[in-house]
$ cat coords27.txt   # compact mmCIF, C-alpha atoms
# COMPACT_ATOMS: atom_id res chain seq x y z
CA MET A 26 90.83 63.61 141.19
CA LYS A 27 90.62 67.40 141.36
CA HIS A 28 93.68 67.63 139.11
CA PHE A 29 91.98 65.31 136.61
CA LYS A 30 88.85 67.44 136.64
CA LYS A 31 90.92 70.56 136.01
CA ILE A 32 92.58 68.92 133.01
CA LYS A 33 89.22 67.72 131.71
CA SER A 34 87.73 71.16 132.27
CA LYS A 35 90.56 72.77 130.26
CA GLN A 36 90.06 70.24 127.48
CA TRP A 37 86.38 71.06 127.27
CA PHE A 38 87.19 74.77 127.37
CA PHE A 39 89.61 74.57 124.45
CA LEU A 40 87.27 72.21 122.59
CA GLY A 41 84.49 74.75 123.06
CA ILE A 42 86.71 77.55 121.79
CA GLY A 43 87.66 75.40 118.81
CA ILE A 44 84.01 74.65 117.99
CA PHE A 45 83.13 78.34 118.38
CA LEU A 46 85.92 79.43 116.03
CA ALA A 47 84.96 76.73 113.54
CA VAL A 48 81.35 77.97 113.53
CA VAL A 49 82.50 81.58 113.11
CA ILE A 50 84.82 80.67 110.24
CA TYR A 51 82.13 78.52 108.61
CA ASN A 52 79.57 81.29 108.77
CA ALA A 53 82.08 83.93 107.70
CA SER A 54 83.57 81.95 104.82
CA TYR A 55 82.07 82.40 101.40
CA ALA A 56 83.00 80.60 98.24
CA ASP A 57 83.45 82.48 94.99
CA ILE A 58 80.29 83.15 93.01
CA THR A 59 80.43 82.60 89.27
CA VAL A 60 79.69 85.51 86.97
CA GLU A 61 76.91 83.48 85.37
CA GLU A 62 75.20 83.15 88.75
CA LEU A 63 75.59 86.87 89.48
CA LYS A 64 74.19 87.81 86.08
CA LYS A 65 70.83 86.38 87.14
CA THR A 66 70.48 89.20 89.67
CA TYR A 67 72.81 91.98 88.58
CA ALA A 68 72.53 91.98 84.79
CA ASN A 69 69.38 93.15 83.04
CA ALA A 70 67.96 93.87 79.60
CA HIS A 71 70.32 96.86 79.22
CA SER A 72 73.43 94.86 80.15
CA GLN A 73 75.96 94.21 77.43
CA PHE A 74 79.37 92.52 77.45
CA ILE A 75 82.29 93.53 75.28
CA ALA A 76 85.67 91.79 74.93
CA ILE A 77 88.72 93.84 75.97
CA GLU A 78 92.08 92.19 76.63
CA GLY A 79 90.54 88.86 77.58
CA MET A 80 87.86 90.36 79.83
CA GLN A 81 84.13 90.39 79.20
CA VAL A 82 83.42 93.95 80.28
CA HIS A 83 79.94 94.54 81.66
CA TYR A 84 78.35 97.84 80.66
CA ARG A 85 74.97 99.45 80.08
CA ASP A 86 74.06 101.94 77.39
CA GLU A 87 70.69 103.60 78.02
CA GLY A 88 68.69 106.66 76.99
CA GLU A 89 69.07 109.09 74.10
CA GLY A 90 70.80 112.42 73.68
CA PHE A 91 74.33 113.64 74.26
CA PRO A 92 76.36 110.86 75.95
CA ILE A 93 77.62 110.93 79.51
CA VAL A 94 79.99 108.22 80.78
CA LEU A 95 79.91 107.25 84.47
CA ILE A 96 82.85 105.53 86.21
CA HIS A 97 82.53 104.00 89.68
CA GLY A 98 85.13 103.74 92.46
CA THR A 99 87.01 100.95 94.25
CA GLY A 100 84.84 98.06 95.41
CA ALA A 101 81.74 99.37 93.63
CA SER A 102 80.05 98.60 90.31
CA LEU A 103 77.93 100.37 87.70
CA HIS A 104 74.96 99.91 90.06
CA THR A 105 76.24 102.76 92.23
CA TRP A 106 74.84 105.06 89.48
CA ASP A 107 71.32 103.54 89.44
CA ASP A 108 69.50 106.59 90.81
CA TRP A 109 71.39 109.05 88.64
CA THR A 110 70.79 106.91 85.57
CA THR A 111 67.03 106.78 86.14
CA GLN A 112 66.88 110.57 85.88
CA LEU A 113 69.66 111.25 83.39
CA THR A 114 68.27 108.90 80.74
CA LYS A 115 65.34 111.28 80.34
CA SER A 116 67.69 113.75 78.62
CA PHE A 117 70.99 111.98 77.95
CA ARG A 118 72.51 108.80 76.66
CA VAL A 119 74.04 107.22 79.76
CA ILE A 120 76.94 104.75 79.53
CA ARG A 121 78.28 103.08 82.66
CA LEU A 122 80.55 100.10 83.15
CA ASP A 123 82.10 97.73 85.67
CA LEU A 124 85.82 98.47 85.86
CA PRO A 125 88.39 95.65 85.77
CA ALA A 126 88.69 94.05 89.25
CA PHE A 127 85.09 94.87 90.13
CA GLY A 128 81.46 94.02 89.43
CA LEU A 129 80.64 91.49 86.74
CA THR A 130 83.71 92.42 84.69
CA GLY A 131 86.10 90.81 87.17
CA PRO A 132 89.89 90.66 87.21
CA SER A 133 92.35 91.66 84.52
CA LYS A 134 94.59 88.81 83.38
CA HIS A 135 97.54 91.20 83.66
CA ALA A 136 96.64 92.15 87.26
CA ASP A 137 97.72 95.70 86.47
CA TYR A 138 95.45 98.13 88.29
CA SER A 139 97.53 101.27 88.00
CA ILE A 140 95.89 104.51 86.94
CA ALA A 141 97.83 104.36 83.67
CA SER A 142 96.39 100.90 82.97
CA TYR A 143 92.85 102.00 83.86
CA THR A 144 93.15 105.09 81.65
CA LYS A 145 94.29 102.92 78.75
CA PHE A 146 91.41 100.53 79.42
CA LEU A 147 88.88 103.37 79.37
CA SER A 148 90.28 104.56 76.05
CA GLN A 149 89.96 101.04 74.61
CA PHE A 150 86.39 100.73 75.86
CA LEU A 151 85.28 104.07 74.42
CA GLU A 152 86.90 103.28 71.08
CA LYS A 153 85.15 99.90 70.98
CA ILE A 154 81.71 101.47 71.47
CA LYS A 155 82.66 104.22 69.01
CA LEU A 156 82.18 107.15 71.36
CA ASP A 157 84.00 110.26 70.23
CA LYS A 158 82.77 113.24 72.28
CA PHE A 159 81.00 113.01 75.63
CA TYR A 160 80.69 114.19 79.23
CA LEU A 161 82.71 112.17 81.73
CA ALA A 162 81.95 111.62 85.43
CA GLY A 163 83.83 109.57 88.01
CA ASN A 164 83.70 108.87 91.72
CA SER A 165 86.79 108.18 93.85
CA LEU A 166 89.05 105.88 91.77
CA GLY A 167 86.71 106.57 88.85
CA GLY A 168 87.33 110.29 89.29
CA ASN A 169 91.08 109.70 89.20
CA ILE A 170 90.71 107.76 85.96
CA ALA A 171 88.40 110.44 84.57
CA TRP A 172 90.73 113.41 85.08
CA ASN A 173 93.71 111.44 83.80
CA TYR A 174 91.72 110.53 80.69
CA ALA A 175 90.64 114.15 80.22
CA ALA A 176 94.29 115.24 80.45
CA GLU A 177 95.28 112.77 77.74
CA TYR A 178 92.24 113.25 75.47
CA PRO A 179 91.12 116.86 76.00
CA ASP A 180 89.22 117.04 72.70
CA LYS A 181 86.95 114.12 73.63
CA VAL A 182 85.73 115.21 77.08
CA LEU A 183 83.51 118.30 76.78
CA LYS A 184 82.64 118.45 80.48
CA LEU A 185 84.21 116.67 83.45
CA ILE A 186 82.53 115.76 86.74
CA LEU A 187 84.72 114.62 89.65
CA ILE A 188 82.93 113.25 92.71
CA ASP A 189 85.18 112.86 95.76
CA ALA A 190 87.91 111.97 93.30
CA SER A 191 91.24 110.44 94.25
CA GLY A 192 94.57 111.47 92.82
CA LEU A 193 95.97 113.78 95.49
CA PRO A 194 97.67 112.68 98.75
CA THR A 195 95.09 112.64 101.56
CA PHE A 196 97.43 113.06 104.57
CA THR A 197 95.01 110.84 106.51
CA PRO A 198 95.33 107.18 107.58
CA GLN A 199 94.44 104.61 104.96
CA PRO A 200 90.95 103.10 105.31
CA PRO A 201 91.14 99.84 107.34
CA ILE A 202 90.12 97.63 104.42
CA PHE A 203 93.10 98.88 102.38
CA LYS A 204 95.45 98.32 105.31
CA MET A 205 94.15 94.76 105.63
CA ALA A 206 94.74 94.13 101.92
CA LYS A 207 98.45 94.93 102.41
CA ILE A 208 99.05 92.58 105.37
CA PRO A 209 100.11 89.13 104.08
CA ILE A 210 98.25 86.88 106.55
CA LEU A 211 95.09 88.98 106.64
CA ASN A 212 94.86 89.37 102.88
CA SER A 213 95.24 85.61 102.50
CA LEU A 214 92.35 85.08 104.91
CA PHE A 215 90.31 87.64 102.98
CA LEU A 216 90.44 85.32 99.95
CA CYS A 217 88.37 82.69 101.78
CA ILE A 218 86.91 84.51 104.79
CA THR A 219 84.87 87.51 103.75
CA PRO A 220 82.30 88.26 106.46
CA LYS A 221 79.33 90.31 105.41
CA PHE A 222 79.77 92.54 108.45
CA ILE A 223 83.15 93.72 107.09
CA ILE A 224 81.45 94.82 103.87
CA ARG A 225 78.73 96.57 105.89
CA LYS A 226 81.33 98.32 108.05
CA ASN A 227 83.16 99.44 104.92
CA ILE A 228 80.00 100.95 103.38
CA GLU A 229 79.13 102.65 106.67
CA GLN A 230 82.52 104.37 106.54
CA VAL A 231 81.76 105.94 103.15
CA TYR A 232 78.20 106.98 104.06
CA ALA A 233 77.55 109.97 106.31
CA ASP A 234 74.17 108.55 107.34
CA LYS A 235 74.54 104.90 108.39
CA LEU A 236 70.76 104.49 108.42
CA LYS A 237 70.87 104.63 104.62
CA VAL A 238 73.03 101.48 104.50
CA THR A 239 70.35 98.90 103.72
CA ASP A 240 70.58 95.11 103.75
CA ALA A 241 70.01 95.06 99.98
CA LEU A 242 72.90 97.49 99.45
CA VAL A 243 75.25 95.42 101.63
CA THR A 244 74.19 92.20 99.90
CA ARG A 245 74.94 93.64 96.46
CA TYR A 246 78.40 94.87 97.45
CA HIS A 247 79.12 91.60 99.24
CA ARG A 248 78.05 89.34 96.39
CA MET A 249 80.01 91.43 93.88
CA ALA A 250 83.08 91.08 96.09
CA LEU A 251 82.64 87.30 95.91
CA ARG A 252 82.62 87.27 92.11
CA THR A 253 85.28 84.80 91.01
CA GLY A 254 88.66 86.56 91.04
CA ASN A 255 87.45 89.85 92.53
CA ARG A 256 88.88 89.30 96.00
CA LYS A 257 92.39 88.68 94.67
CA ALA A 258 91.97 91.62 92.29
CA PHE A 259 90.92 93.88 95.18
CA ILE A 260 94.10 92.96 97.05
CA ASP A 261 96.21 93.66 93.96
CA ARG A 262 94.42 96.97 93.40
CA ALA A 263 94.75 98.05 97.04
CA LYS A 264 98.49 97.41 96.96
CA THR A 265 98.79 99.54 93.83
CA ASP A 266 96.63 102.33 95.21
CA PHE A 267 99.15 103.37 97.83
CA ASN A 268 102.29 102.55 95.90
CA GLY A 269 104.88 105.32 95.87
CA ALA A 270 105.11 105.03 92.08
CA GLU A 271 101.49 106.19 91.87
CA LYS A 272 102.16 109.71 93.22
CA VAL A 273 100.02 112.22 91.43
CA ASN A 274 101.41 114.11 88.49
CA LEU A 275 100.41 117.63 89.52
CA VAL A 276 101.48 119.05 86.19
CA LYS A 277 99.05 116.67 84.49
CA LEU A 278 96.18 117.65 86.78
CA LYS A 279 96.84 121.35 86.21
CA SER A 280 96.79 120.76 82.46
CA VAL A 281 93.10 119.77 82.49
CA LYS A 282 91.33 122.80 81.03
CA THR A 283 88.00 121.01 80.52
CA PRO A 284 85.08 122.70 82.32
CA THR A 285 84.97 120.70 85.55
CA LEU A 286 82.42 120.28 88.32
CA LEU A 287 83.76 119.01 91.64
CA ILE A 288 81.11 117.45 93.88
CA TRP A 289 82.34 116.66 97.40
CA GLY A 290 80.77 115.20 100.51
CA ALA A 291 81.64 117.37 103.51
CA LYS A 292 81.68 114.24 105.69
CA ASP A 293 83.95 112.19 103.46
CA THR A 294 86.48 110.48 105.76
CA TRP A 295 88.25 108.59 102.95
CA ILE A 296 89.11 111.52 100.69
CA PRO A 297 88.41 114.57 102.85
CA LEU A 298 86.98 117.86 101.65
CA GLY A 299 90.43 119.45 101.89
CA ASN A 300 91.41 117.36 98.88
CA GLY A 301 88.46 118.74 96.94
CA LYS A 302 89.49 122.30 97.77
CA ARG A 303 93.08 121.63 96.73
CA MET A 304 91.95 120.00 93.50
CA ASP A 305 89.68 122.97 92.80
CA SER A 306 92.61 125.35 93.30
CA MET A 307 94.76 123.37 90.84
CA LEU A 308 92.24 122.94 88.05
CA PRO A 309 92.12 126.07 85.85
CA ASN A 310 88.42 125.76 84.92
CA SER A 311 86.58 124.20 87.85
CA LYS A 312 83.77 124.78 90.32
CA LEU A 313 83.47 123.04 93.70
CA VAL A 314 80.09 122.28 95.29
CA ILE A 315 79.90 120.81 98.79
CA LEU A 316 77.19 118.45 100.02
CA GLU A 317 77.03 118.96 103.77
CA ASN A 318 75.21 115.70 104.56
CA SER A 319 77.14 113.36 102.29
CA GLY A 320 80.14 111.12 102.67
CA HIS A 321 82.35 109.58 100.00
CA VAL A 322 79.63 108.53 97.52
CA PRO A 323 77.14 111.44 97.22
CA MET A 324 75.57 110.11 93.99
CA GLU A 325 74.57 106.95 95.85
CA GLU A 326 73.87 108.32 99.32
CA ASN A 327 72.11 111.55 98.27
CA PRO A 328 71.31 111.12 94.56
CA LYS A 329 68.60 113.79 94.35
CA GLU A 330 70.68 116.58 95.89
CA SER A 331 73.87 115.74 93.99
CA LEU A 332 71.96 115.37 90.71
CA GLU A 333 70.61 118.91 90.94
CA PHE A 334 74.15 120.27 90.84
CA LEU A 335 75.03 117.97 87.96
CA LYS A 336 71.99 118.96 85.88
CA SER A 337 72.70 122.66 86.40
CA PHE A 338 76.29 122.13 85.27
CA LEU A 339 75.37 120.07 82.20
CA ASN A 340 72.63 122.42 81.09
CA LYS A 341 74.84 125.49 81.40
CA SER A 342 76.40 126.54 78.11
CA SER A 343 80.21 126.46 78.25

$ encode --input "coords27.txt" --output "structure tokens"
Amino acid sequence: MKHFKKIKSKQWFFLGIGIFLAVVIYNASYADITVEELKKTYANAHSQFIAIEGMQVHYRDEGEGFPIVLIHGTGASLHTWDDWTTQLTKSFRVIRLDLPAFGLTGPSKHADYSIASYTKFLSQFLEKIKLDKFYLAGNSLGGNIAWNYAAEYPDKVLKLILIDASGLPTFTPQPPIFKMAKIPILNSLFLCITPKFIIRKNIEQVYADKLKVTDALVTRYHRMALRTGNRKAFIDRAKTDFNGAEKVNLVKLKSVKTPTLLIWGAKDTWIPLGNGKRMDSMLPNSKLVILENSGHVPMEENPKESLEFLKSFLNKSS
């Protein structure tokens, strides 16, 4: 009888564990969200869509004056520039876009997320909207794209702004979310199990002040990640990001003679300040400013402070 009770007790235990895991998976699993559904919240009167290589690229073109183009980083969207845009449109024409693999734009049909492909894409986009000369700013991946574009089209970019830009080896461990994207079983689970707490944890890693990570911010990043095709595109992009074939072309970086402002968060754990200092030493015409209380995304975490440096740089005659 006691033996029977032990067996029954084990059965209930494992049944309980099974039910618990099922509940966790159910609550953590999120179906893809269609772009049409996301547009209801994340597109507005300024949103436009332009066809490039089979994609409907989401962008916004606001304000009047000399144009400045803003390029976001991995996992983000044009919304990361909201605070900057509010102020910049008082004096400039501001153009920002969702890169392939992210935001409302979604995946590329070629699944090529190399820097060369992104640079080509940016060139196609700017040609389509007939932009010839402009200022160019990019954060993280967007900064990498920006300096590569400036190297290839030096006559088009009059001033360059790199915010915690990638493109140099970091000599630090890869962020956990990128490691996960490279592990076969985990990245397969990521396609159907995308807990909101993982997105929150990821944002907290790029912010110096975790108290600034609001529910609304997490919800936006999470819902954008669930855009149809974006999870698979993120995995493809993450694999490319740390591919040996993507080693930086130092000669190309050193060739960028465009007046350049480097804005770096002192508490950036993804692309540490040392990278900013090395990049500053390699660029022939650059200035580095350090934001002591910022992490990887100063324009989003501390928009007012970072914008002051930007305005000073843009208003200074070259």

$ residues_around --input "coords27.txt" --residues "stretch 290-307 of chain A" --least-positions-apart "4" --cutoff "8 Å" --atoms "only C-alpha atoms" --output "list in words"
Ser165, Asp189, Ala190, Ser191, Leu193, Pro194, Thr195, Thr197, Gln199, Pro200, Gln230, Val231, Tyr232, Ala233, Leu278, Lys279, Ser311, Lys312, Leu313, Ile315, Leu316, Glu317, Asn318, Ser319, Gly320, His321, Val322 and Pro323 of chain A

$ residues_near_point --input "coords27.txt" --point "(76.7, 126.4, 80.9)" --cutoff "12 Å" --atoms "only C-alpha atoms" --output "list in words"
Leu183, Lys184, Pro284, Thr285, Leu286, Lys312, Phe334, Leu335, Lys336, Ser337, Phe338, Leu339, Asn340, Lys341, Ser342 and Ser343 of chain A

$ closest_residue --input "coords27.txt" --among "A:Leu147, A:Leu242, A:Ala136, A:Ala70" --to "A:Val82" --atoms "all atoms listed in the file"
A:Leu147

$ residues_around --input "coords27.txt" --residues "A:Val276" --least-positions-apart "4" --cutoff "10 Å" --atoms "all atoms listed in the file" --output "PyMOL selection string"
chain A and resi 176+280-281+307

$ atom_distance --input "coords27.txt" --atom1 "atom CA of A:Val94" --atom2 "atom CA of A:Ile120"
4.8 Å

$ atom_distance --input "coords27.txt" --atom1 "atom CA of A:Ile186" --atom2 "atom CA of A:Leu332"
11.3 Å

$ closest_residue --input "coords27.txt" --among "A:Lys153, A:Arg121, A:Arg252, A:Lys115" --to "A:Arg85" --atoms "all atoms listed in the file"
A:Arg121

$ residues_around --input "coords27.txt" --residues "A:Arg245" --least-positions-apart "4" --cutoff "12 Å" --atoms "all atoms listed in the file" --output "PyMOL selection string"
chain A and resi 63-64+66-67+100-105+128-129+221+224-225+228+238-241+249-252

$ residues_around --input "coords27.txt" --residues "A:Val314" --least-positions-apart "4" --cutoff "7 Å" --atoms "all atoms listed in the file" --output "number ranges by chain"
A: 287-289

$ residues_around --input "coords27.txt" --residues "A:Ile154" --least-positions-apart "2" --cutoff "10 Å" --atoms "all atoms listed in the file" --output "JSON, numbers by chain"
{"A": [75, 86, 120, 149, 150, 151, 152, 156, 157]}

$ atom_distance --input "coords27.txt" --atom1 "atom CA of A:Arg248" --atom2 "atom CA of A:Ala68"
13.1 Å

$ build_atoms --input "coords27.txt" --residues "stretch 151-168 of chain A" --atoms "N, CA and C atoms" --output "PDB file, keeping the file's coordinate frame"
ATOM      1  N   LEU A 151      85.978 103.019  75.149  1.00  0.00           N
ATOM      2  CA  LEU A 151      85.280 104.070  74.420  1.00  0.00           C
ATOM      3  C   LEU A 151      85.486 103.965  72.910  1.00  0.00           C
ATOM      4  N   GLU A 152      86.652 103.510  72.507  1.00  0.00           N
ATOM      5  CA  GLU A 152      86.900 103.280  71.080  1.00  0.00           C
ATOM      6  C   GLU A 152      86.038 102.122  70.566  1.00  0.00           C
ATOM      7  N   LYS A 153      85.923 101.087  71.389  1.00  0.00           N
ATOM      8  CA  LYS A 153      85.150  99.900  70.980  1.00  0.00           C
ATOM      9  C   LYS A 153      83.671 100.237  70.776  1.00  0.00           C
ATOM     10  N   ILE A 154      83.123 101.118  71.624  1.00  0.00           N
ATOM     11  CA  ILE A 154      81.710 101.470  71.470  1.00  0.00           C
ATOM     12  C   ILE A 154      81.532 102.701  70.574  1.00  0.00           C
ATOM     13  N   LYS A 155      82.669 103.137  69.992  1.00  0.00           N
ATOM     14  CA  LYS A 155      82.660 104.220  69.010  1.00  0.00           C
ATOM     15  C   LYS A 155      82.092 105.529  69.571  1.00  0.00           C
ATOM     16  N   LEU A 156      82.592 105.891  70.741  1.00  0.00           N
ATOM     17  CA  LEU A 156      82.180 107.150  71.360  1.00  0.00           C
ATOM     18  C   LEU A 156      83.304 108.163  71.175  1.00  0.00           C
ATOM     19  N   ASP A 157      82.969 109.294  70.582  1.00  0.00           N
ATOM     20  CA  ASP A 157      84.000 110.260  70.230  1.00  0.00           C
ATOM     21  C   ASP A 157      84.019 111.476  71.157  1.00  0.00           C
ATOM     22  N   LYS A 158      82.859 112.080  71.380  1.00  0.00           N
ATOM     23  CA  LYS A 158      82.770 113.240  72.280  1.00  0.00           C
ATOM     24  C   LYS A 158      81.667 112.972  73.306  1.00  0.00           C
ATOM     25  N   PHE A 159      81.929 113.378  74.566  1.00  0.00           N
ATOM     26  CA  PHE A 159      81.000 113.010  75.630  1.00  0.00           C
ATOM     27  C   PHE A 159      81.321 113.800  76.899  1.00  0.00           C
ATOM     28  N   TYR A 160      80.421 113.718  77.877  1.00  0.00           N
ATOM     29  CA  TYR A 160      80.690 114.190  79.230  1.00  0.00           C
ATOM     30  C   TYR A 160      81.233 112.996  80.001  1.00  0.00           C
ATOM     31  N   LEU A 161      82.080 113.257  80.978  1.00  0.00           N
ATOM     32  CA  LEU A 161      82.710 112.170  81.730  1.00  0.00           C
ATOM     33  C   LEU A 161      82.627 112.447  83.226  1.00  0.00           C
ATOM     34  N   ALA A 162      82.082 111.481  83.973  1.00  0.00           N
ATOM     35  CA  ALA A 162      81.950 111.620  85.430  1.00  0.00           C
ATOM     36  C   ALA A 162      82.567 110.417  86.121  1.00  0.00           C
ATOM     37  N   GLY A 163      83.240 110.665  87.258  1.00  0.00           N
ATOM     38  CA  GLY A 163      83.830 109.570  88.010  1.00  0.00           C
ATOM     39  C   GLY A 163      83.856 109.840  89.490  1.00  0.00           C
ATOM     40  N   ASN A 164      83.673 108.784  90.262  1.00  0.00           N
ATOM     41  CA  ASN A 164      83.700 108.870  91.720  1.00  0.00           C
ATOM     42  C   ASN A 164      84.946 108.156  92.258  1.00  0.00           C
ATOM     43  N   SER A 165      85.657 108.794  93.176  1.00  0.00           N
ATOM     44  CA  SER A 165      86.790 108.180  93.850  1.00  0.00           C
ATOM     45  C   SER A 165      87.846 107.713  92.833  1.00  0.00           C
ATOM     46  N   LEU A 166      88.141 106.417  92.791  1.00  0.00           N
ATOM     47  CA  LEU A 166      89.050 105.880  91.770  1.00  0.00           C
ATOM     48  C   LEU A 166      88.575 106.263  90.378  1.00  0.00           C
ATOM     49  N   GLY A 167      87.265 106.198  90.145  1.00  0.00           N
ATOM     50  CA  GLY A 167      86.710 106.570  88.850  1.00  0.00           C
ATOM     51  C   GLY A 167      86.977 108.017  88.504  1.00  0.00           C
ATOM     52  N   GLY A 168      86.994 108.880  89.524  1.00  0.00           N
ATOM     53  CA  GLY A 168      87.330 110.290  89.290  1.00  0.00           C
ATOM     54  C   GLY A 168      88.788 110.460  88.908  1.00  0.00           C
TER      55      GLY A 168
END
